[in-house]
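> File follows, structure-v3.csv with CSV, C-alpha atoms:
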```
chain,number,residue,atom,x,y,z
A,596,MET,CA,2.7,32.2,-4.5
A,597,ASN,CA,4.1,30.4,-7.5
A,598,PHE,CA,2.1,31.0,-10.6
A,599,GLN,CA,4.4,29.3,-13.1
A,600,SER,CA,2.5,26.8,-15.3
A,601,PRO,CA,3.3,23.1,-14.9
A,602,LEU,CA,4.4,23.1,-18.6
A,603,ALA,CA,6.9,25.8,-18.0
A,604,ARG,CA,8.3,23.9,-15.0
A,605,ALA,CA,8.5,20.7,-17.1
A,606,ARG,CA,10.3,22.4,-19.9
A,607,GLY,CA,12.7,24.1,-17.5
A,608,LEU,CA,15.7,25.6,-19.2
A,609,GLY,CA,15.4,23.3,-22.2
A,610,SER,CA,17.6,20.6,-23.7
A,611,VAL,CA,21.3,21.1,-23.6
A,612,ARG,CA,21.7,19.1,-26.8
A,613,ALA,CA,24.5,17.0,-25.3
A,614,GLY,CA,24.9,13.8,-23.4
A,615,SER,CA,25.1,11.4,-26.4
A,616,HIS,CA,28.9,11.6,-26.5
A,617,HIS,CA,29.1,10.8,-22.8
A,618,TRP,CA,26.8,7.9,-23.1
A,619,TRP,CA,28.6,6.5,-26.2
A,620,ARG,CA,32.1,6.9,-24.7
A,621,GLN,CA,30.9,5.0,-21.6
A,622,ARG,CA,29.8,2.1,-23.8
A,623,VAL,CA,32.9,2.0,-26.1
A,624,SER,CA,35.3,2.3,-23.2
A,625,ALA,CA,33.5,-0.6,-21.4
A,626,VAL,CA,33.8,-2.8,-24.5
A,627,ALA,CA,37.5,-1.9,-25.0
A,628,LEU,CA,38.2,-2.6,-21.3
A,629,PHE,CA,36.9,-6.1,-21.6
A,630,PRO,CA,39.9,-7.6,-23.5
A,631,LEU,CA,42.3,-5.3,-21.7
A,632,THR,CA,41.1,-6.4,-18.3
A,633,LEU,CA,41.4,-10.1,-19.3
A,634,TRP,CA,44.9,-9.4,-20.5
A,635,PHE,CA,45.9,-7.6,-17.3
A,636,GLY,CA,44.5,-10.4,-15.1
A,637,PHE,CA,46.0,-13.1,-17.2
A,638,SER,CA,49.4,-11.4,-17.2
A,639,LEU,CA,49.4,-10.8,-13.4
A,640,SER,CA,48.5,-14.5,-12.8
A,641,LEU,CA,51.7,-15.5,-14.8
A,642,LEU,CA,53.8,-13.4,-12.4
A,643,PRO,CA,53.1,-15.0,-9.0
A,644,GLN,CA,56.4,-14.5,-7.4
A,645,ALA,CA,57.8,-11.7,-9.4
A,646,ASN,CA,60.6,-9.8,-7.8
A,647,TYR,CA,61.4,-6.1,-8.6
A,648,ALA,CA,63.7,-6.9,-11.5
A,649,MET,CA,61.3,-9.3,-13.1
A,650,LEU,CA,58.4,-6.9,-12.8
A,651,THR,CA,60.3,-3.9,-14.2
A,652,HIS,CA,61.5,-6.1,-17.0
A,653,TRP,CA,57.9,-7.1,-17.7
A,654,VAL,CA,56.7,-3.5,-17.7
A,655,SER,CA,59.5,-2.5,-20.1
A,656,SER,CA,58.6,-4.9,-22.8
A,657,PRO,CA,57.0,-2.8,-25.6
A,658,TRP,CA,53.7,-4.6,-25.9
A,659,ASN,CA,53.3,-4.7,-22.1
A,660,THR,CA,54.0,-1.0,-21.8
A,661,LEU,CA,51.5,-0.2,-24.5
A,662,LEU,CA,48.8,-2.4,-23.1
A,663,LEU,CA,49.4,-1.4,-19.5
A,664,LEU,CA,49.2,2.3,-20.4
A,665,SER,CA,46.0,1.7,-22.4
A,666,PHE,CA,44.5,-0.3,-19.5
A,667,ILE,CA,45.3,2.4,-16.9
A,668,LEU,CA,44.2,5.4,-19.0
A,669,LEU,CA,41.1,3.7,-20.3
A,670,SER,CA,39.9,2.4,-16.9
A,671,LEU,CA,40.4,5.9,-15.4
A,672,PHE,CA,38.5,7.4,-18.3
A,673,HIS,CA,35.7,4.9,-17.9
A,674,GLY,CA,35.8,5.5,-14.1
A,675,VAL,CA,35.4,9.3,-14.4
A,676,LEU,CA,32.5,8.9,-16.8
A,677,GLY,CA,30.8,6.5,-14.3
A,678,LEU,CA,31.5,8.7,-11.3
A,679,GLN,CA,30.1,11.7,-13.0
A,680,THR,CA,26.9,9.8,-13.7
A,681,VAL,CA,26.6,8.7,-10.1
A,682,ILE,CA,27.0,12.2,-8.8
A,683,GLU,CA,24.4,13.6,-11.3
A,684,ASP,CA,22.0,10.8,-10.2
A,685,TYR,CA,22.3,11.3,-6.4
A,686,VAL,CA,23.6,14.7,-5.6
A,687,HIS,CA,20.9,17.4,-5.7
A,688,THR,CA,22.7,20.3,-4.1
A,689,ASP,CA,24.1,22.4,-7.0
A,690,TRP,CA,27.4,23.5,-5.5
A,691,ILE,CA,28.2,20.1,-4.1
A,692,LYS,CA,27.4,18.6,-7.5
A,693,ILE,CA,29.6,21.0,-9.4
A,694,ILE,CA,32.5,20.7,-7.0
A,695,GLY,CA,32.1,16.9,-6.9
A,696,ILE,CA,32.2,16.5,-10.7
A,697,LEU,CA,35.1,18.9,-11.1
A,698,GLY,CA,37.0,17.2,-8.2
A,699,VAL,CA,36.5,13.8,-9.7
A,700,LYS,CA,37.9,15.0,-13.0
A,701,LEU,CA,40.9,16.7,-11.5
A,702,VAL,CA,41.8,13.8,-9.2
A,703,THR,CA,41.4,11.3,-12.1
A,704,ALA,CA,43.6,13.5,-14.4
A,705,PHE,CA,46.2,13.6,-11.6
A,706,LEU,CA,46.1,9.8,-11.1
A,707,ALA,CA,46.4,9.4,-14.9
A,708,LEU,CA,49.5,11.6,-15.0
A,709,ALA,CA,51.0,9.9,-11.9
A,710,SER,CA,50.5,6.4,-13.2
A,711,SER,CA,51.7,7.2,-16.7
A,712,LEU,CA,54.8,8.8,-15.3
A,713,ALA,CA,55.5,5.8,-13.1
A,714,VAL,CA,55.2,3.4,-16.1
A,715,LEU,CA,57.4,5.7,-18.3
A,716,ARG,CA,60.0,6.0,-15.6
A,717,ILE,CA,60.3,2.2,-15.4
A,718,VAL,CA,60.5,2.0,-19.2
A,719,LEU,CA,62.9,4.9,-19.9
A,720,LEU,CA,65.1,4.7,-16.8
A,721,GLY,CA,64.9,1.0,-16.0
A,722,GLY,CA,63.2,1.6,-12.7
A,723,HIS,CA,66.3,2.9,-11.1
A,724,GLY,CA,65.9,6.6,-11.7
B,1434,MET,CA,13.1,23.4,16.5
B,1435,ARG,CA,12.0,19.8,16.7
B,1436,ASP,CA,10.3,20.1,13.4
B,1437,SER,CA,13.4,21.5,11.6
B,1438,LEU,CA,15.5,18.7,13.2
B,1439,SER,CA,13.1,16.0,12.1
B,1440,LYS,CA,13.4,17.3,8.5
B,1441,GLY,CA,17.2,17.3,8.6
B,1442,ILE,CA,19.3,15.2,6.3
B,1443,PHE,CA,19.4,12.2,8.7
B,1444,ARG,CA,15.6,11.7,9.0
B,1445,LEU,CA,12.7,11.3,6.6
B,1446,PRO,CA,9.8,13.8,6.9
B,1447,LEU,CA,7.5,13.2,9.8
B,1448,ASN,CA,4.6,12.3,7.5
B,1449,SER,CA,6.5,9.4,6.0
B,1450,THR,CA,6.0,7.3,9.1
B,1451,LEU,CA,3.1,4.8,8.7
B,1452,LYS,CA,0.8,3.8,11.6
B,1453,LEU,CA,-1.5,0.8,11.8
B,1454,GLY,CA,-5.1,2.2,11.3
B,1455,LYS,CA,-8.5,0.7,11.6
B,1456,SER,CA,-9.4,-3.0,11.2
B,1457,TRP,CA,-12.7,-4.0,9.6
B,1458,PRO,CA,-13.6,-7.7,10.3
B,1459,ALA,CA,-15.2,-9.9,7.6
B,1460,PRO,CA,-19.0,-9.8,7.3
B,1461,GLN,CA,-20.9,-12.6,9.0
B,1462,ASN,CA,-21.5,-15.7,6.8
B,1463,ALA,CA,-18.6,-14.7,4.6
B,1464,SER,CA,-17.6,-17.8,2.5
B,1465,LYS,CA,-14.3,-16.7,0.9
B,1466,ILE,CA,-12.5,-14.1,3.0
B,1467,ARG,CA,-9.8,-11.9,1.4
B,1468,ARG,CA,-7.6,-9.7,3.6
B,1469,ILE,CA,-6.7,-6.3,2.1
B,1470,GLU,CA,-4.4,-3.6,3.6
B,1471,ILE,CA,-4.8,-0.1,2.2
B,1472,TYR,CA,-2.7,3.0,2.6
B,1473,ARG,CA,-4.8,5.9,3.9
B,1474,TYR,CA,-3.6,9.5,4.0
B,1475,ASP,CA,-5.3,12.8,4.1
B,1476,PRO,CA,-2.6,15.5,4.0
B,1477,GLU,CA,-5.1,18.2,5.1
B,1478,SER,CA,-5.9,16.3,8.3
B,1479,GLY,CA,-2.4,16.8,9.7
B,1480,GLU,CA,-2.3,13.2,10.8
B,1481,ASN,CA,0.2,10.7,9.6
B,1482,PRO,CA,-0.7,8.1,6.9
B,1483,ARG,CA,-2.1,4.8,8.3
B,1484,LEU,CA,-2.7,1.3,7.0
B,1485,ASP,CA,-6.3,0.2,7.3
B,1486,ARG,CA,-7.1,-3.6,7.2
B,1487,PHE,CA,-10.3,-4.8,5.5
B,1488,GLU,CA,-11.7,-8.3,5.3
B,1489,ILE,CA,-14.1,-8.8,2.4
B,1490,ASP,CA,-16.1,-11.7,1.1
B,1491,ALA,CA,-14.6,-12.5,-2.3
B,1492,ASP,CA,-17.6,-14.6,-3.3
B,1493,ARG,CA,-19.8,-11.5,-3.1
B,1494,CYS,CA,-17.7,-9.2,-5.4
B,1495,GLY,CA,-16.0,-9.4,-8.7
B,1496,PRO,CA,-12.6,-11.1,-9.2
B,1497,MET,CA,-10.4,-8.0,-9.7
B,1498,VAL,CA,-8.7,-5.8,-7.1
B,1499,LEU,CA,-10.7,-2.9,-8.3
B,1500,ASP,CA,-13.9,-4.9,-7.6
B,1501,ALA,CA,-12.7,-5.3,-4.0
B,1502,LEU,CA,-12.0,-1.5,-3.7
B,1503,ILE,CA,-15.4,-0.6,-5.0
B,1504,ALA,CA,-17.0,-3.1,-2.6
B,1505,ILE,CA,-15.1,-1.6,0.3
B,1506,LYS,CA,-16.1,1.9,-0.7
B,1507,SER,CA,-19.8,1.1,-1.2
B,1508,GLU,CA,-20.2,-1.3,1.7
B,1509,ILE,CA,-17.6,-0.7,4.4
B,1510,ASP,CA,-15.9,2.7,4.3
B,1511,SER,CA,-17.2,5.3,1.9
B,1512,THR,CA,-14.3,7.7,2.7
B,1513,LEU,CA,-11.8,5.4,0.8
B,1514,THR,CA,-10.5,7.5,-2.2
B,1515,PHE,CA,-9.2,6.2,-5.5
B,1516,ARG,CA,-9.5,6.9,-9.2
B,1517,ARG,CA,-11.3,4.5,-11.6
B,1518,SER,CA,-13.2,4.7,-14.8
B,1519,CYS,CA,-13.3,2.1,-17.5
B,1520,ARG,CA,-12.7,-1.0,-15.4
B,1521,GLU,CA,-11.0,-2.8,-18.3
B,1522,GLY,CA,-7.4,-1.6,-18.6
B,1523,VAL,CA,-8.1,1.1,-21.2
B,1524,CYS,CA,-8.2,4.4,-19.3
B,1525,GLY,CA,-5.3,4.0,-16.9
B,1526,SER,CA,-7.0,5.7,-14.0
B,1527,CYS,CA,-6.8,3.0,-11.4
B,1528,SER,CA,-3.0,2.6,-11.5
B,1529,MET,CA,-1.6,1.9,-8.0
B,1530,ASN,CA,0.9,-0.2,-6.2
B,1531,ILE,CA,-0.6,-3.6,-5.5
B,1532,ASP,CA,1.2,-6.5,-3.9
B,1533,GLY,CA,4.5,-4.6,-4.4
B,1534,HIS,CA,4.0,-4.0,-8.1
B,1535,ASN,CA,2.7,-0.9,-9.9
B,1536,THR,CA,-0.3,-2.1,-12.0
B,1537,LEU,CA,-3.9,-1.4,-12.8
B,1538,ALA,CA,-6.4,-2.5,-10.1
B,1539,CYS,CA,-9.0,-3.4,-12.8
B,1540,THR,CA,-6.8,-5.9,-14.6
B,1541,LYS,CA,-5.1,-7.4,-11.5
B,1542,ALA,CA,-7.0,-10.5,-10.2
B,1543,MET,CA,-7.1,-11.0,-6.5
B,1544,ASP,CA,-6.2,-14.7,-7.0
B,1545,ASP,CA,-2.9,-13.5,-8.5
B,1546,CYS,CA,-2.0,-11.7,-5.2
B,1547,ARG,CA,-0.5,-12.9,-2.0
B,1548,GLU,CA,-2.7,-13.8,0.9
B,1549,LEU,CA,-2.7,-10.3,2.3
B,1550,ILE,CA,-3.2,-7.9,-0.5
B,1551,LYS,CA,-1.3,-4.6,0.1
B,1552,ILE,CA,-2.4,-1.6,-1.8
B,1553,TYR,CA,-0.4,1.7,-1.9
B,1554,PRO,CA,-0.5,4.8,-4.1
B,1555,LEU,CA,1.9,5.0,-7.0
B,1556,PRO,CA,5.4,5.6,-5.5
B,1557,HIS,CA,7.1,8.9,-5.2
B,1558,LEU,CA,4.3,11.2,-6.3
B,1559,PRO,CA,2.6,13.7,-3.9
B,1560,VAL,CA,-0.5,12.1,-2.4
B,1561,VAL,CA,-3.7,14.0,-2.8
B,1562,LYS,CA,-5.7,11.6,-0.7
B,1563,ASP,CA,-5.4,7.8,-0.1
B,1564,LEU,CA,-4.7,6.2,-3.5
B,1565,VAL,CA,-5.0,9.4,-5.5
B,1566,VAL,CA,-1.7,11.0,-6.5
B,1567,ASP,CA,-0.9,14.4,-8.0
B,1568,MET,CA,0.0,13.7,-11.7
B,1569,THR,CA,0.3,17.4,-12.8
B,1570,HIS,CA,4.1,17.2,-13.5
B,1571,PHE,CA,3.8,13.9,-15.2
B,1572,TYR,CA,1.1,15.2,-17.6
B,1573,ALA,CA,3.1,18.4,-18.1
B,1574,GLN,CA,6.2,16.4,-19.1
B,1575,TYR,CA,4.0,14.5,-21.6
B,1576,ALA,CA,2.7,17.8,-23.0
B,1577,SER,CA,6.3,19.0,-23.3
B,1578,ILE,CA,7.2,16.5,-26.0
B,1579,LYS,CA,4.4,17.8,-28.3
B,1580,PRO,CA,2.4,14.6,-28.6
B,1581,TRP,CA,0.9,15.4,-32.0
B,1582,ILE,CA,1.9,15.2,-35.6
B,1583,GLU,CA,3.9,18.2,-36.8
B,1584,THR,CA,4.4,18.8,-40.5
B,1585,GLN,CA,5.5,21.4,-43.0
B,1586,THR,CA,3.8,19.7,-45.9
B,1587,PRO,CA,0.1,20.6,-46.1
B,1588,PRO,CA,-2.3,17.6,-45.9
B,1589,PRO,CA,-3.6,16.2,-49.2
B,1590,ALA,CA,-6.8,18.1,-50.2
B,1591,ASP,CA,-9.0,15.1,-50.6
B,1592,ARG,CA,-7.9,12.6,-48.0
B,1593,GLU,CA,-6.0,12.2,-44.7
B,1594,ARG,CA,-2.2,11.6,-44.6
B,1595,LEU,CA,-1.7,8.0,-45.7
B,1596,GLN,CA,0.5,5.4,-44.0
B,1597,GLY,CA,1.8,2.1,-45.4
B,1598,LYS,CA,1.3,-1.1,-43.5
B,1599,ASN,CA,4.9,-1.3,-42.5
B,1600,GLU,CA,4.9,2.4,-41.4
B,1601,ARG,CA,1.8,1.8,-39.3
B,1602,GLY,CA,3.4,-1.4,-38.0
B,1603,ARG,CA,6.2,0.7,-36.4
B,1604,LEU,CA,3.7,2.2,-34.0
B,1605,ASN,CA,2.7,-1.2,-32.6
B,1606,GLY,CA,3.9,-1.5,-29.0
B,1607,LEU,CA,3.9,2.3,-28.7
B,1608,TYR,CA,0.4,3.5,-29.5
B,1609,GLU,CA,-1.1,1.2,-26.8
B,1610,CYS,CA,0.3,3.2,-23.9
B,1611,ILE,CA,-2.5,4.6,-21.8
B,1612,LEU,CA,-0.3,7.0,-19.7
B,1613,CYS,CA,-1.2,5.2,-16.4
B,1614,ALA,CA,2.3,6.2,-15.0
B,1615,CYS,CA,3.0,2.7,-13.6
B,1616,CYS,CA,6.4,2.6,-15.5
B,1617,SER,CA,7.6,6.1,-14.6
B,1618,THR,CA,6.8,5.8,-10.9
B,1619,SER,CA,8.5,2.4,-10.7
B,1620,CYS,CA,11.8,3.9,-12.1
B,1621,PRO,CA,14.4,4.8,-9.4
B,1622,SER,CA,15.9,7.4,-11.8
B,1623,TYR,CA,12.5,9.0,-12.0
B,1624,TRP,CA,12.2,9.0,-8.2
B,1625,TRP,CA,15.5,10.8,-7.7
B,1626,ASN,CA,15.4,13.1,-10.8
B,1627,GLY,CA,11.8,13.2,-11.8
B,1628,GLU,CA,11.8,17.0,-12.0
B,1629,ARG,CA,14.1,16.9,-15.0
B,1630,TYR,CA,14.2,13.2,-16.2
B,1631,LEU,CA,11.2,12.7,-18.5
B,1632,GLY,CA,10.7,9.1,-17.4
B,1633,PRO,CA,9.8,6.0,-19.4
B,1634,ALA,CA,6.2,6.8,-20.2
B,1635,THR,CA,6.9,10.2,-21.7
B,1636,LEU,CA,10.0,8.9,-23.5
B,1637,LEU,CA,8.0,6.0,-25.0
B,1638,GLN,CA,5.5,8.6,-26.2
B,1639,ALA,CA,8.3,10.8,-27.5
B,1640,TYR,CA,9.5,7.8,-29.6
B,1641,ARG,CA,6.0,7.1,-30.7
B,1642,TRP,CA,6.0,10.5,-32.6
B,1643,ILE,CA,9.6,10.1,-33.8
B,1644,ALA,CA,8.6,6.7,-35.3
B,1645,ASP,CA,5.4,8.0,-36.9
B,1646,SER,CA,6.0,8.2,-40.7
B,1647,ARG,CA,3.6,11.1,-41.0
B,1648,ASP,CA,5.6,13.4,-38.7
B,1649,GLU,CA,8.2,15.6,-40.3
B,1650,THR,CA,10.1,16.8,-37.2
B,1651,ALA,CA,12.1,13.8,-36.0
B,1652,GLY,CA,15.3,15.9,-35.9
B,1653,GLU,CA,13.8,18.6,-33.8
B,1654,ARG,CA,12.3,16.0,-31.5
B,1655,LEU,CA,15.7,14.3,-31.1
B,1656,ASN,CA,17.2,17.8,-30.4
B,1657,GLU,CA,14.8,18.3,-27.6
B,1658,LEU,CA,15.5,14.9,-26.0
B,1659,GLU,CA,19.3,15.0,-26.2
B,1660,ASP,CA,20.0,16.0,-22.7
B,1661,PRO,CA,21.9,14.4,-19.8
B,1662,PHE,CA,18.7,14.7,-17.6
B,1663,LYS,CA,15.7,14.6,-19.9
B,1664,LEU,CA,16.9,11.3,-21.6
B,1665,TYR,CA,20.2,10.0,-20.3
B,1666,ARG,CA,19.1,9.5,-16.7
B,1667,CYS,CA,17.8,6.1,-18.0
B,1668,HIS,CA,20.3,3.5,-16.9
B,1669,THR,CA,18.4,0.5,-18.3
B,1670,ILE,CA,17.1,-0.6,-14.9
B,1671,MET,CA,14.1,-2.2,-16.7
B,1672,ASN,CA,11.6,-1.7,-13.9
B,1673,CYS,CA,9.4,0.1,-16.5
B,1674,THR,CA,9.2,-2.9,-18.8
B,1675,ASP,CA,8.8,-5.3,-15.9
B,1676,THR,CA,5.8,-3.4,-14.5
B,1677,CYS,CA,3.9,-2.2,-17.6
B,1678,PRO,CA,0.3,-3.5,-17.2
B,1679,LYS,CA,-0.1,-3.3,-21.0
B,1680,GLY,CA,2.9,-5.5,-21.6
B,1681,LEU,CA,4.8,-2.7,-23.5
B,1682,ASN,CA,8.6,-2.2,-23.5
B,1683,PRO,CA,9.4,1.5,-22.6
B,1684,ALA,CA,13.1,0.5,-22.1
B,1685,LYS,CA,13.3,-0.6,-25.7
B,1686,ALA,CA,11.8,2.7,-26.9
B,1687,ILE,CA,14.3,4.6,-24.9
B,1688,ALA,CA,17.1,2.5,-26.3
B,1689,ASP,CA,15.8,3.2,-29.8
B,1690,ILE,CA,15.9,7.0,-29.1
B,1691,LYS,CA,19.6,6.6,-27.9
B,1692,LYS,CA,20.3,4.6,-31.1
B,1693,LEU,CA,18.9,7.3,-33.4
B,1694,LEU,CA,21.0,10.0,-31.6
B,1695,ILE,CA,24.2,8.0,-32.3
B,1696,GLU,CA,23.0,7.1,-35.8
B,1697,ARG,CA,22.5,10.6,-36.9
B,1698,GLN,CA,26.2,11.4,-36.1
B,1699,LYS,CA,27.4,8.8,-38.6
```
Step by step, read the file and then write its structure as C-alpha cells.

Amino acid sequence: MNFQSPLARARGLGSVRAGSHHWWRQRVSAVALFPLTLWFGFSLSLLPQANYAMLTHWVSSPWNTLLLLSFILLSLFHGVLGLQTVIEDYVHTDWIKIIGILGVKLVTAFLALASSLAVLRIVLLGGHG
Amino acid sequence: MRDSLSKGIFRLPLNSTLKLGKSWPAPQNASKIRRIEIYRYDPESGENPRLDRFEIDADRCGPMVLDALIAIKSEIDSTLTFRRSCREGVCGSCSMNIDGHNTLACTKAMDDCRELIKIYPLPHLPVVKDLVVDMTHFYAQYASIKPWIETQTPPPADRERLQGKNERGRLNGLYECILCACCSTSCPSYWWNGERYLGPATLLQAYRWIADSRDETAGERLNELEDPFKLYRCHTIMNCTDTCPKGLNPAKAIADIKKLLIERQK
C-alpha cells in the first residue's frame, strides 16, 4: 500500500530553482537567428553556380566568416536547447532521458567543433590544407 | 502473457478500447429530438468503456447540456453518473468534454452543439465512473502553491488589510477561476507530464497570489515555481485559454510568471 499523501506527491522533490535561463536563451537565440538566417539564405541565393574557388573565397571574406560562424554556432545552440525540451516532454524513462540529453549535447558540441574547424581551415589555409 | 503483451509499448491498455453500448430511442410524441452520445465506464465492472446513445425530447427539458444529462438520469437511465451542483457556471463541478471541447455542461447550450452531442469525461484523468474523474492530484497541486495570503506584517488592529482600486484591479481575470480543470486537462503538456507540471489552472492561481498586493511572499512563490517541470513545461499551446468556460486567460498568467522570473534578474 502507498500511504503517501496527495500533497506530498504533488510537491515531489521540490523546485530546482532553474529553468529560466534555458527558457530565456531559447527566446534570445531565436530572435538572433532571424536576421542571421535571412542573411544566410540571401547569400546562398546570390551564389547559384559557385565553384569551389568562389565558395572558399566567399567564406574567407571577414564579414562572411564572422556571420557564418555565428549562424552555425547559434543554430546548433538553439537546436540543442529545443531538443532537450522535446526529450524532457516525451521521454519518461529516466535513464533514456539522461542518456538522450547528454547524447544530444555531446553530438552537438562535436558538430560545433567540426563545422568551426571546417570554416577556419578554409579561412586560414585557403581551403587547400 | 497476453495481458502483459497488450500492455506493451506498442499497444494502448485494453480498457482504452471503446465499444458501442446501449441505444435508447426517443420517447413517443417527442417534438424536438436531440441525439446524445455518452461515455460510460465502471472500472470495477471489469468491462471496457462503452458509448451509450440517448434520444431526448429537447422541448421537454431545459436548454443546457446539463439539463439533458439530468433528464436522462431521472427519466431514462438512473445509473448515469456525473457531478453537478450550482447549474450556473459558478461551482465548476460539471466540467466535461462536450462536442470535443472541455467546458461546463451547465453553461453549454445544446443549440450550440453539433447534431450528435458527444459527451466524454475530462481527458487524461483516471475515470472513477462515467463522467466523474479523479481530481485528487489536481487539487493537491493547487494546495501545493499555498493558495492563501502569507504575510510577515501583522494585520491592522482595527480593520482588514486594505487594497487600492488598482491593486484590486490586478486580480481581475484571475479571481474568477473556479478550478473546474477544463484548462489543465486540455493541455498536452499536462497530459504527458501532469505528475510534475502544475498545469494552467494551478499556475493561474499561483499568479493570482503573486499579483495580490496584500501578499508579502512573491519572491518565495517565484522560487517555488522556477522549475523546468513545474512551470516551464508550458509551451504556449494556448488550449487553456481557448477552452476556459469562464473566458479567462491562463496562458497570459503563465507568461506573466515567466516575465517576473526574468525581471527579477535585471
> Pick from B:Pro1633, B:Pro1621, B:Pro1683, B:Pro1588: nearest to chain A, with all atoms listed in the file counted?
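Of all the options, B:Pro1621 lies closest to chain A.
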> Taking all atoms listed in the file into account, which residues of chain B are within 6 Å of chain A, as a list in words?
Ala1573, Gln1574, Asn1656, Glu1657, Glu1659, Asp1660 and Pro1661 of chain B
> Kindly give the distance, in Å, that separates atom CA of Thr1536 of chain B and atom CA of Glu1488 of chain B, rounded to a single decimal.
21.6 Å
> To one decimal place in Å, what is the distance between atom CA of Leu668 of chain A and atom CA of Val702 of chain A?
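Atom CA of Val702 of chain A lies at a distance of 13.1 Å from atom CA of Leu668 of chain A.
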> Identify which of the residues A:Ala707, A:Leu697, A:Leu676, A:Ala713 lies closest to Arg622 of chain A, counting all atoms listed in the file when measuring atom-to-atom distances.
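Looking at the shortest contact to Arg622 of chain A, the residue is A:Leu676.
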> Leu1604 of chain B: which residues within 9 Å, counting only C-alpha atoms, same-chain residues fewer than 4 positions away excluded, as a VMD selection string?
chain B and resid 1600 1608 to 1609 1641 to 1642 1644 to 1645
> How far is it from atom CA of Leu1445 of chain B to atom CA of Leu1513 of chain B, in Å with one decimal?
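Computing the Euclidean distance for atom CA of Leu1445 of chain B and atom CA of Leu1513 of chain B yields 25.9 Å.
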> Taking (-3.3, 11.7, -9.3) in the file's coordinates, which residues come within 10 Å, counting all atoms listed in the file, written as a list in words?
Phe1515, Arg1516, Ser1526, Cys1527, Ser1528, Pro1554, Leu1555, Leu1558, Pro1559, Val1560, Val1561, Lys1562, Leu1564, Val1565, Val1566, Asp1567, Met1568, Thr1569, Phe1571, Cys1613 and Ala1614 of chain B
